[in-house]
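Peer 1: Input file: entry.cif. Contents: mmCIF, N, CA and C atoms.
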```
data_start
#
loop_
_atom_site.label_atom_id
_atom_site.label_comp_id
_atom_site.auth_asym_id
_atom_site.auth_seq_id
_atom_site.Cartn_x
_atom_site.Cartn_y
_atom_site.Cartn_z
N LEU S 8 -111.47 -53.12 -180.86
CA LEU S 8 -110.61 -53.82 -179.93
C LEU S 8 -111.37 -54.81 -179.05
N GLY S 9 -112.69 -54.75 -179.06
CA GLY S 9 -113.47 -55.67 -178.24
C GLY S 9 -113.47 -55.31 -176.77
N VAL S 10 -113.26 -54.05 -176.44
CA VAL S 10 -113.23 -53.62 -175.05
C VAL S 10 -114.49 -52.82 -174.77
N HIS S 11 -115.21 -53.18 -173.74
CA HIS S 11 -116.43 -52.46 -173.36
C HIS S 11 -116.08 -51.42 -172.32
N LEU S 12 -116.45 -50.18 -172.58
CA LEU S 12 -116.22 -49.11 -171.63
C LEU S 12 -117.54 -48.76 -170.97
N HIS S 13 -117.56 -48.73 -169.68
CA HIS S 13 -118.75 -48.35 -168.93
C HIS S 13 -118.41 -47.09 -168.16
N VAL S 14 -119.20 -46.05 -168.34
CA VAL S 14 -118.93 -44.78 -167.72
C VAL S 14 -118.91 -44.92 -166.20
N LEU S 15 -117.88 -44.40 -165.57
CA LEU S 15 -117.76 -44.46 -164.12
C LEU S 15 -117.74 -43.02 -163.60
N PRO S 16 -118.91 -42.41 -163.39
CA PRO S 16 -118.95 -41.00 -163.02
C PRO S 16 -118.59 -40.75 -161.55
N GLY S 17 -117.59 -39.92 -161.34
CA GLY S 17 -117.24 -39.49 -159.99
C GLY S 17 -116.98 -40.60 -159.01
N VAL S 18 -117.41 -40.38 -157.80
CA VAL S 18 -117.18 -41.33 -156.71
C VAL S 18 -118.29 -42.36 -156.64
N LEU S 19 -119.51 -41.96 -156.92
CA LEU S 19 -120.65 -42.86 -156.82
C LEU S 19 -120.73 -43.73 -158.06
N GLN S 20 -120.60 -45.02 -157.88
CA GLN S 20 -120.65 -45.97 -159.00
C GLN S 20 -122.03 -46.62 -159.05
N GLU S 21 -122.66 -46.56 -160.19
CA GLU S 21 -124.00 -47.14 -160.35
C GLU S 21 -124.05 -47.96 -161.61
N PRO S 22 -124.74 -49.07 -161.63
CA PRO S 22 -125.43 -49.66 -160.48
C PRO S 22 -124.45 -50.34 -159.53
N ARG S 23 -124.92 -50.53 -158.32
CA ARG S 23 -124.17 -51.28 -157.31
C ARG S 23 -124.95 -52.57 -157.06
N PHE S 24 -124.31 -53.69 -157.35
CA PHE S 24 -124.98 -54.98 -157.21
C PHE S 24 -124.83 -55.50 -155.78
N SER S 25 -125.97 -55.79 -155.17
CA SER S 25 -125.96 -56.31 -153.79
C SER S 25 -126.27 -57.80 -153.76
N SER S 26 -126.64 -58.36 -154.90
CA SER S 26 -126.95 -59.79 -154.97
C SER S 26 -126.74 -60.26 -156.40
N THR S 27 -126.88 -61.56 -156.57
CA THR S 27 -126.81 -62.14 -157.91
C THR S 27 -127.95 -63.13 -158.06
N SER S 28 -128.52 -63.18 -159.24
CA SER S 28 -129.58 -64.17 -159.50
C SER S 28 -128.98 -65.46 -160.03
N TRP S 29 -127.66 -65.51 -160.12
CA TRP S 29 -126.94 -66.68 -160.63
C TRP S 29 -126.29 -67.41 -159.47
N ASP S 30 -126.50 -68.70 -159.39
CA ASP S 30 -125.87 -69.55 -158.39
C ASP S 30 -124.54 -70.02 -158.97
N SER S 31 -123.44 -69.43 -158.50
CA SER S 31 -122.13 -69.71 -159.09
C SER S 31 -121.63 -71.13 -158.82
N THR S 32 -122.35 -71.90 -158.02
CA THR S 32 -121.95 -73.30 -157.80
C THR S 32 -122.55 -74.22 -158.86
N ARG S 33 -123.38 -73.66 -159.74
CA ARG S 33 -124.03 -74.44 -160.81
C ARG S 33 -123.73 -73.81 -162.15
N PRO S 34 -123.86 -74.56 -163.24
CA PRO S 34 -123.67 -73.94 -164.56
C PRO S 34 -124.68 -72.82 -164.78
N ALA S 35 -124.26 -71.81 -165.50
CA ALA S 35 -125.16 -70.68 -165.79
C ALA S 35 -126.32 -71.16 -166.65
N PRO S 36 -127.52 -70.64 -166.39
CA PRO S 36 -128.66 -71.02 -167.22
C PRO S 36 -128.52 -70.47 -168.64
N VAL S 37 -129.24 -71.04 -169.56
CA VAL S 37 -129.26 -70.55 -170.95
C VAL S 37 -130.00 -69.21 -170.96
N CYS S 38 -129.49 -68.26 -171.72
CA CYS S 38 -130.13 -66.95 -171.81
C CYS S 38 -131.50 -67.05 -172.48
N PRO S 39 -132.47 -66.28 -171.99
CA PRO S 39 -133.77 -66.22 -172.66
C PRO S 39 -133.64 -65.40 -173.95
N LEU S 40 -134.56 -65.62 -174.86
CA LEU S 40 -134.62 -64.79 -176.06
C LEU S 40 -135.89 -63.97 -176.02
N PRO S 41 -135.89 -62.69 -176.33
CA PRO S 41 -134.67 -61.95 -176.65
C PRO S 41 -133.76 -61.87 -175.43
N LEU S 42 -132.49 -61.60 -175.70
CA LEU S 42 -131.51 -61.50 -174.62
C LEU S 42 -131.90 -60.38 -173.65
N PRO S 43 -131.40 -60.43 -172.43
CA PRO S 43 -131.73 -59.37 -171.47
C PRO S 43 -131.40 -57.99 -172.04
N PRO S 44 -132.25 -57.00 -171.77
CA PRO S 44 -132.06 -55.67 -172.35
C PRO S 44 -131.08 -54.80 -171.55
N ALA S 45 -130.65 -53.72 -172.18
CA ALA S 45 -129.93 -52.68 -171.45
C ALA S 45 -130.91 -52.06 -170.46
N VAL S 46 -130.42 -51.66 -169.30
CA VAL S 46 -131.30 -51.11 -168.25
C VAL S 46 -130.91 -49.65 -168.00
N TYR S 47 -131.92 -48.80 -168.03
CA TYR S 47 -131.74 -47.37 -167.78
C TYR S 47 -132.32 -47.01 -166.41
N ALA S 48 -131.73 -46.01 -165.79
CA ALA S 48 -132.25 -45.46 -164.54
C ALA S 48 -132.98 -44.16 -164.85
N ARG S 49 -134.20 -44.00 -164.31
CA ARG S 49 -134.89 -42.71 -164.46
C ARG S 49 -134.06 -41.63 -163.77
N ILE S 50 -134.11 -40.45 -164.32
CA ILE S 50 -133.39 -39.33 -163.73
C ILE S 50 -134.30 -38.65 -162.73
N ASP S 51 -133.84 -38.51 -161.50
CA ASP S 51 -134.60 -37.81 -160.47
C ASP S 51 -134.02 -36.40 -160.37
N ASP S 52 -133.12 -36.15 -159.47
CA ASP S 52 -132.46 -34.86 -159.38
C ASP S 52 -131.12 -34.88 -160.13
N TRP S 53 -130.51 -36.03 -160.18
CA TRP S 53 -129.27 -36.24 -160.92
C TRP S 53 -129.08 -37.75 -161.06
N GLY S 54 -128.19 -38.13 -161.91
CA GLY S 54 -127.94 -39.55 -162.08
C GLY S 54 -127.31 -39.87 -163.42
N PRO S 55 -127.01 -41.13 -163.65
CA PRO S 55 -126.34 -41.53 -164.88
C PRO S 55 -127.28 -41.44 -166.08
N LEU S 56 -126.71 -41.06 -167.21
CA LEU S 56 -127.47 -40.99 -168.46
C LEU S 56 -127.34 -42.27 -169.27
N HIS S 57 -126.30 -43.03 -169.01
CA HIS S 57 -126.02 -44.23 -169.79
C HIS S 57 -126.64 -45.47 -169.13
N PRO S 58 -127.02 -46.44 -169.96
CA PRO S 58 -127.59 -47.67 -169.39
C PRO S 58 -126.50 -48.62 -168.92
N PHE S 59 -126.92 -49.61 -168.16
CA PHE S 59 -126.04 -50.75 -167.89
C PHE S 59 -126.41 -51.79 -168.94
N ALA S 60 -125.53 -51.98 -169.89
CA ALA S 60 -125.80 -52.87 -171.01
C ALA S 60 -125.21 -54.26 -170.75
N PRO S 61 -125.92 -55.31 -171.15
CA PRO S 61 -125.37 -56.67 -171.00
C PRO S 61 -124.06 -56.80 -171.78
N LEU S 62 -123.13 -57.56 -171.24
CA LEU S 62 -121.88 -57.77 -171.94
C LEU S 62 -121.30 -59.12 -171.58
N ASP S 63 -120.46 -59.62 -172.47
CA ASP S 63 -119.78 -60.89 -172.25
C ASP S 63 -118.88 -60.74 -171.03
N VAL S 64 -118.91 -61.73 -170.14
CA VAL S 64 -118.13 -61.62 -168.90
C VAL S 64 -116.63 -61.54 -169.15
N ARG S 65 -116.18 -62.00 -170.32
CA ARG S 65 -114.75 -61.88 -170.62
C ARG S 65 -114.34 -60.43 -170.81
N ARG S 66 -115.31 -59.56 -171.04
CA ARG S 66 -115.03 -58.13 -171.23
C ARG S 66 -115.37 -57.32 -169.98
N LEU S 67 -115.80 -57.98 -168.94
CA LEU S 67 -116.18 -57.31 -167.70
C LEU S 67 -114.92 -57.07 -166.86
N ALA S 68 -114.53 -55.80 -166.76
CA ALA S 68 -113.30 -55.49 -166.04
C ALA S 68 -113.58 -54.96 -164.64
N LEU S 69 -114.69 -54.25 -164.47
CA LEU S 69 -114.96 -53.62 -163.19
C LEU S 69 -116.46 -53.54 -163.00
N VAL S 70 -116.93 -53.96 -161.84
CA VAL S 70 -118.33 -53.83 -161.49
C VAL S 70 -118.39 -53.47 -160.01
N HIS S 71 -119.29 -52.57 -159.69
CA HIS S 71 -119.41 -52.12 -158.30
C HIS S 71 -120.38 -53.07 -157.59
N ALA S 72 -119.90 -53.76 -156.56
CA ALA S 72 -120.73 -54.77 -155.90
C ALA S 72 -120.40 -54.85 -154.42
N ASP S 73 -121.39 -55.29 -153.67
CA ASP S 73 -121.19 -55.54 -152.25
C ASP S 73 -120.27 -56.75 -152.07
N PRO S 74 -119.56 -56.84 -150.95
CA PRO S 74 -118.64 -57.96 -150.73
C PRO S 74 -119.29 -59.34 -150.86
N GLY S 75 -120.58 -59.47 -150.58
CA GLY S 75 -121.25 -60.76 -150.70
C GLY S 75 -121.33 -61.26 -152.13
N VAL S 76 -121.18 -60.38 -153.09
CA VAL S 76 -121.23 -60.76 -154.51
C VAL S 76 -119.85 -61.14 -155.03
N TRP S 77 -118.80 -60.71 -154.36
CA TRP S 77 -117.44 -60.93 -154.83
C TRP S 77 -117.11 -62.40 -155.13
N PRO S 78 -117.50 -63.37 -154.29
CA PRO S 78 -117.19 -64.77 -154.64
C PRO S 78 -117.80 -65.20 -155.99
N HIS S 79 -118.96 -64.66 -156.31
CA HIS S 79 -119.58 -64.98 -157.60
C HIS S 79 -118.79 -64.35 -158.75
N LEU S 80 -118.27 -63.15 -158.52
CA LEU S 80 -117.46 -62.49 -159.55
C LEU S 80 -116.17 -63.26 -159.80
N VAL S 81 -115.58 -63.78 -158.73
CA VAL S 81 -114.35 -64.57 -158.87
C VAL S 81 -114.63 -65.84 -159.69
N ALA S 82 -115.81 -66.41 -159.55
CA ALA S 82 -116.15 -67.65 -160.25
C ALA S 82 -116.45 -67.44 -161.73
N LEU S 83 -116.59 -66.19 -162.18
CA LEU S 83 -116.98 -65.94 -163.57
C LEU S 83 -115.99 -66.48 -164.60
N ALA S 84 -114.70 -66.35 -164.36
CA ALA S 84 -113.70 -66.80 -165.34
C ALA S 84 -113.82 -68.30 -165.59
N ALA S 85 -113.87 -69.08 -164.52
CA ALA S 85 -113.98 -70.54 -164.68
C ALA S 85 -115.33 -70.91 -165.27
N ALA S 86 -116.39 -70.24 -164.86
CA ALA S 86 -117.72 -70.53 -165.39
C ALA S 86 -117.80 -70.22 -166.88
N SER S 87 -117.13 -69.15 -167.31
CA SER S 87 -117.12 -68.80 -168.72
C SER S 87 -116.40 -69.88 -169.54
N ALA S 88 -115.26 -70.35 -169.03
CA ALA S 88 -114.54 -71.42 -169.72
C ALA S 88 -115.38 -72.70 -169.78
N ASP S 89 -116.08 -73.02 -168.70
CA ASP S 89 -116.94 -74.20 -168.68
C ASP S 89 -118.08 -74.08 -169.68
N ALA S 90 -118.66 -72.88 -169.78
CA ALA S 90 -119.76 -72.66 -170.72
C ALA S 90 -119.28 -72.83 -172.16
N GLU S 91 -118.10 -72.31 -172.45
CA GLU S 91 -117.54 -72.47 -173.80
C GLU S 91 -117.27 -73.94 -174.11
N ALA S 92 -116.75 -74.67 -173.13
CA ALA S 92 -116.48 -76.10 -173.32
C ALA S 92 -117.77 -76.88 -173.55
N ALA S 93 -118.88 -76.37 -173.02
CA ALA S 93 -120.18 -77.04 -173.18
C ALA S 93 -120.89 -76.60 -174.46
N GLY S 94 -120.26 -75.74 -175.26
CA GLY S 94 -120.85 -75.36 -176.54
C GLY S 94 -121.46 -73.97 -176.62
N SER S 95 -121.42 -73.22 -175.54
CA SER S 95 -121.93 -71.85 -175.58
C SER S 95 -120.84 -70.92 -176.12
N SER S 96 -121.24 -69.76 -176.59
CA SER S 96 -120.27 -68.76 -177.04
C SER S 96 -119.64 -68.05 -175.87
N GLY S 97 -120.35 -68.00 -174.76
CA GLY S 97 -119.83 -67.34 -173.57
C GLY S 97 -120.94 -67.07 -172.57
N LEU S 98 -120.60 -66.29 -171.57
CA LEU S 98 -121.57 -65.90 -170.55
C LEU S 98 -121.86 -64.41 -170.68
N LEU S 99 -123.11 -64.07 -170.47
CA LEU S 99 -123.55 -62.69 -170.54
C LEU S 99 -123.85 -62.20 -169.13
N ALA S 100 -123.28 -61.06 -168.74
CA ALA S 100 -123.58 -60.43 -167.45
C ALA S 100 -124.56 -59.30 -167.70
N PHE S 101 -125.58 -59.19 -166.86
CA PHE S 101 -126.62 -58.17 -167.08
C PHE S 101 -127.25 -57.79 -165.74
N ALA S 102 -127.91 -56.64 -165.73
CA ALA S 102 -128.67 -56.23 -164.55
C ALA S 102 -129.99 -56.97 -164.60
N ASP S 103 -130.20 -57.87 -163.66
CA ASP S 103 -131.40 -58.71 -163.66
C ASP S 103 -132.57 -57.95 -163.04
N THR S 104 -133.40 -57.40 -163.89
CA THR S 104 -134.58 -56.62 -163.46
C THR S 104 -135.87 -57.31 -163.86
N ARG S 105 -135.76 -58.60 -164.21
CA ARG S 105 -136.91 -59.39 -164.66
C ARG S 105 -137.58 -58.76 -165.87
N GLY S 106 -136.75 -58.24 -166.79
CA GLY S 106 -137.24 -57.72 -168.06
C GLY S 106 -137.53 -56.24 -168.09
N ARG S 107 -137.54 -55.56 -166.94
CA ARG S 107 -137.81 -54.12 -166.96
C ARG S 107 -136.60 -53.39 -167.55
N ARG S 108 -136.87 -52.43 -168.42
CA ARG S 108 -135.80 -51.70 -169.07
C ARG S 108 -135.50 -50.36 -168.41
N VAL S 109 -136.46 -49.85 -167.66
CA VAL S 109 -136.27 -48.59 -166.94
C VAL S 109 -136.59 -48.85 -165.47
N VAL S 110 -135.65 -48.48 -164.62
CA VAL S 110 -135.84 -48.69 -163.18
C VAL S 110 -135.81 -47.35 -162.47
N ALA S 111 -135.94 -47.38 -161.17
CA ALA S 111 -135.98 -46.16 -160.35
C ALA S 111 -134.65 -45.41 -160.45
N PRO S 112 -134.65 -44.14 -160.06
CA PRO S 112 -133.40 -43.36 -160.08
C PRO S 112 -132.27 -44.10 -159.35
N HIS S 113 -131.07 -43.88 -159.85
CA HIS S 113 -129.84 -44.46 -159.29
C HIS S 113 -129.86 -45.98 -159.34
N PHE S 114 -130.57 -46.52 -160.31
CA PHE S 114 -130.64 -47.97 -160.57
C PHE S 114 -131.26 -48.75 -159.42
N ARG S 115 -132.07 -48.09 -158.58
CA ARG S 115 -132.80 -48.86 -157.56
C ARG S 115 -133.73 -49.82 -158.30
N GLY S 116 -133.70 -51.06 -157.90
CA GLY S 116 -134.47 -52.09 -158.58
C GLY S 116 -133.63 -52.86 -159.59
N ALA S 117 -132.37 -52.47 -159.73
CA ALA S 117 -131.45 -53.18 -160.63
C ALA S 117 -130.21 -53.57 -159.85
N ASP S 118 -130.41 -54.18 -158.69
CA ASP S 118 -129.28 -54.49 -157.83
C ASP S 118 -128.86 -55.96 -157.86
N ALA S 119 -129.47 -56.75 -158.74
CA ALA S 119 -129.09 -58.16 -158.89
C ALA S 119 -128.32 -58.36 -160.19
N LEU S 120 -127.14 -58.92 -160.09
CA LEU S 120 -126.35 -59.23 -161.27
C LEU S 120 -126.77 -60.59 -161.80
N GLY S 121 -127.18 -60.63 -163.04
CA GLY S 121 -127.57 -61.88 -163.67
C GLY S 121 -126.48 -62.38 -164.60
N VAL S 122 -126.41 -63.68 -164.78
CA VAL S 122 -125.44 -64.30 -165.68
C VAL S 122 -126.17 -65.42 -166.41
N CYS S 123 -125.98 -65.48 -167.72
CA CYS S 123 -126.58 -66.57 -168.50
C CYS S 123 -125.66 -66.94 -169.66
N ALA S 124 -125.82 -68.14 -170.17
CA ALA S 124 -125.01 -68.65 -171.29
C ALA S 124 -125.70 -68.32 -172.60
N TYR S 125 -124.95 -67.78 -173.56
CA TYR S 125 -125.52 -67.43 -174.86
C TYR S 125 -124.70 -68.02 -176.00
N ARG S 126 -125.31 -68.05 -177.18
CA ARG S 126 -124.62 -68.44 -178.39
C ARG S 126 -124.62 -67.22 -179.32
N ASP S 127 -123.66 -67.16 -180.23
CA ASP S 127 -123.57 -66.02 -181.15
C ASP S 127 -124.87 -65.80 -181.90
N ARG S 128 -125.53 -66.88 -182.31
CA ARG S 128 -126.79 -66.71 -183.08
C ARG S 128 -127.89 -66.08 -182.24
N ASP S 129 -127.79 -66.20 -180.90
CA ASP S 129 -128.77 -65.56 -180.02
C ASP S 129 -128.74 -64.05 -180.18
N LEU S 130 -127.55 -63.49 -180.43
CA LEU S 130 -127.43 -62.04 -180.61
C LEU S 130 -128.24 -61.59 -181.81
N LEU S 131 -128.13 -62.31 -182.91
CA LEU S 131 -128.87 -61.95 -184.13
C LEU S 131 -130.37 -62.17 -183.97
N GLU S 132 -130.75 -63.31 -183.40
CA GLU S 132 -132.18 -63.60 -183.22
C GLU S 132 -132.82 -62.61 -182.25
N SER S 133 -132.05 -62.15 -181.30
CA SER S 133 -132.57 -61.26 -180.27
C SER S 133 -132.97 -59.90 -180.83
N PHE S 134 -132.25 -59.41 -181.84
CA PHE S 134 -132.58 -58.10 -182.40
C PHE S 134 -134.00 -58.07 -182.94
N GLY S 135 -134.36 -59.06 -183.76
CA GLY S 135 -135.70 -59.12 -184.34
C GLY S 135 -136.78 -59.29 -183.28
N GLN S 136 -136.54 -60.15 -182.32
CA GLN S 136 -137.53 -60.39 -181.27
C GLN S 136 -137.72 -59.17 -180.39
N ALA S 137 -136.64 -58.48 -180.08
CA ALA S 137 -136.75 -57.29 -179.23
C ALA S 137 -137.49 -56.18 -179.96
N ALA S 138 -137.26 -56.05 -181.25
CA ALA S 138 -137.93 -55.01 -182.03
C ALA S 138 -139.43 -55.27 -182.13
N ALA S 139 -139.82 -56.54 -182.13
CA ALA S 139 -141.23 -56.90 -182.26
C ALA S 139 -141.95 -57.01 -180.92
N ALA S 140 -141.18 -56.95 -179.82
CA ALA S 140 -141.77 -57.12 -178.48
C ALA S 140 -142.68 -55.95 -178.13
N SER S 141 -143.66 -56.22 -177.29
CA SER S 141 -144.54 -55.15 -176.82
C SER S 141 -143.77 -54.21 -175.90
N GLN S 142 -144.31 -53.06 -175.68
CA GLN S 142 -143.64 -52.06 -174.85
C GLN S 142 -144.10 -52.15 -173.39
N ASP S 143 -144.68 -53.28 -172.99
CA ASP S 143 -145.21 -53.42 -171.63
C ASP S 143 -144.14 -53.29 -170.55
N HIS S 144 -142.89 -53.59 -170.89
CA HIS S 144 -141.82 -53.58 -169.89
C HIS S 144 -141.18 -52.22 -169.73
N TRP S 145 -141.57 -51.24 -170.52
CA TRP S 145 -140.92 -49.92 -170.46
C TRP S 145 -141.28 -49.20 -169.23
#
```
Give the structure from this file in structure tokens form.

Peer 2:
Amino acid sequence: LGVHLHVLPGVLQEPRFSSTSWDSTRPAPVCPLPLPPAVYARIDDWGPLHPFAPLDVRRLALVHADPGVWPHLVALAAASADAEAAGSSGLLAFADTRGRRVVAPHFRGADALGVCAYRDRDLLESFGQAAAASQDHW
């Protein structure tokens, strides 16, 4: 069905985005290759087992964010349409951790929401590049 489900455990929603690395007044930057990875939180005493995986913003239904991020979330629909009109396949929303795949418990260090423009072929190219990448970011 093309619907992304993100586990929402209990009352505490993680990650909680307090900022964005995307300036919603400008076009989204082109996604780097390989595409941004799924981000996991280390387990301390308790916490989520599932990662925050990058997804197309058209499938983003709910994200836990501080009110300062809300204007950027509102701009996603128009920005996605603009990216498609410019030749991209869409916009990718991800936890911007500067490439780190595992962050502190409760997603500390993954509080910036990133947005970038991708093409369908980037998805295929990204698999091979990610598999060949060093494990320095783990």

Peer 1: Report as a list in words all protein, DNA and RNA residues lying within 12 Å of Arg128 of chain S, evaluated on only C-alpha atoms, omitting residues in the same chain fewer than 5 positions from it.

Peer 2: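 Listed by chain and then number, they are Cys38, Leu40, Pro41, Leu42, Ser95, Ser96, Gly97, Ser133, Phe134 and Gly135 of chain S.
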
Peer 1: With a cut-off of 8 Å, could you pull out the residues of segment 29-59 of chain S touching segment 69-93 of chain S and give me the nearest pair of atoms for each, distance in Å to one decimal, using only N, CA and C atoms, ordered by chain and ascending number, as CSV?

Peer 2:
```
residue,atom,partner,partner_atom,distance
S:Trp29,C,S:His79,CA,7.4
S:Asp30,C,S:His79,CA,7.2
S:Ser31,CA,S:His79,CA,5.6
S:Thr32,N,S:His79,CA,7.5
S:Arg33,C,S:Ala86,CA,7.6
S:Pro34,CA,S:Ala86,CA,6.9
S:Ala35,N,S:Ala86,CA,6.7
```

Peer 1: Those residues you just picked out, can you put them in a file as a PDB file, in the coordinates of the input with N, CA and C atoms?

Peer 2:
```pdb
ATOM      1  N   TRP S  29    -127.660 -65.510-160.120  1.00  0.00           N
ATOM      2  CA  TRP S  29    -126.940 -66.680-160.630  1.00  0.00           C
ATOM      3  C   TRP S  29    -126.290 -67.410-159.470  1.00  0.00           C
ATOM      4  N   ASP S  30    -126.500 -68.700-159.390  1.00  0.00           N
ATOM      5  CA  ASP S  30    -125.870 -69.550-158.390  1.00  0.00           C
ATOM      6  C   ASP S  30    -124.540 -70.020-158.970  1.00  0.00           C
ATOM      7  N   SER S  31    -123.440 -69.430-158.500  1.00  0.00           N
ATOM      8  CA  SER S  31    -122.130 -69.710-159.090  1.00  0.00           C
ATOM      9  C   SER S  31    -121.630 -71.130-158.820  1.00  0.00           C
ATOM     10  N   THR S  32    -122.350 -71.900-158.020  1.00  0.00           N
ATOM     11  CA  THR S  32    -121.950 -73.300-157.800  1.00  0.00           C
ATOM     12  C   THR S  32    -122.550 -74.220-158.860  1.00  0.00           C
ATOM     13  N   ARG S  33    -123.380 -73.660-159.740  1.00  0.00           N
ATOM     14  CA  ARG S  33    -124.030 -74.440-160.810  1.00  0.00           C
ATOM     15  C   ARG S  33    -123.730 -73.810-162.150  1.00  0.00           C
ATOM     16  N   PRO S  34    -123.860 -74.560-163.240  1.00  0.00           N
ATOM     17  CA  PRO S  34    -123.670 -73.940-164.560  1.00  0.00           C
ATOM     18  C   PRO S  34    -124.680 -72.820-164.780  1.00  0.00           C
ATOM     19  N   ALA S  35    -124.260 -71.810-165.500  1.00  0.00           N
ATOM     20  CA  ALA S  35    -125.160 -70.680-165.790  1.00  0.00           C
ATOM     21  C   ALA S  35    -126.320 -71.160-166.650  1.00  0.00           C
TER      22      ALA S  35
END
```

Peer 1: Produce the centre coordinates and the three edge lengths, each in Å to one decimal, of the box along x, y and z that contains all listed atoms of segment 45-58 of chain S with 4 Å added on each side, as JSON.

Peer 2:
```
{"center_x": -130.5, "center_y": -44.3, "center_z": -165.8, "size_x": 16.9, "size_y": 26.9, "size_z": 20.8}
```

Peer 1: Counting only C-alpha atoms, what is within 7 Å of segment 101-103 of chain S, bar same-chain residues fewer than 4 positions away, as number ranges by chain?

Peer 2: S: 43, 46, 59-62, 117-122

Peer 1: Between atom CA of Arg115 of chain S and atom C of Gln136 of chain S, what is the spacing in Å?

Peer 2: 25.5 Å

Peer 1: Quick one: distance from atom C of Tyr125 of chain S to atom CA of Ser28 of chain S in Å, one decimal?

Peer 2: 17.6 Å

Peer 1: If I take atom C of Pro44 of chain S and atom N of Gly94 of chain S, how far is one from the other in Å, to one decimal?

Peer 2: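 Pair atom C of Pro44 of chain S / atom N of Gly94 of chain S returns 23.9 Å.
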
Peer 1: Give the answer as one residue: which of S:Asp127, S:Ala100, S:His113, S:Pro58 has the shortest atom-to-atom distance to Ala45 of chain S, using only N, CA and C atoms?

Peer 2: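 For Ala45 of chain S, the nearest of the given residues is S:Pro58.
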
Peer 1: With distances taken over only N, CA and C atoms, which residue among S:Arg105, S:Phe114, S:Leu98, S:Ala124 lies nearest Pro22 of chain S?

Peer 2: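 Smallest distance to Pro22 of chain S is found for S:Phe114.
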
Peer 1: Please identify which residues in segment 54-138 of chain S DSSP calls strand (DSSP E) from the backbone, and express them as a PyMOL selection string.

Peer 2: chain S and resi 62-63+71-72+97-102+109-110+119-125

Peer 1: On this structure, which residues satisfy the PyMOL selection byres ((chain S and resi 112) around 7), written as a list in words?

Peer 2: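 When the PyMOL selection byres ((chain S and resi 112) around 7) is applied to the shown file, the picked residues are Ala48, Arg49, Ile50, Asp51, Gly54, Val110, Ala111, His113, Phe114 and Arg115 of chain S.
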
Peer 1: Taking the DSSP secondary structure from the backbone, can you list the residues of segment 18-137 of chain S that are helix (DSSP H, G or I), as a PyMOL selection string?

Peer 2: chain S and resi 64-66+74-92+112-114+127-137
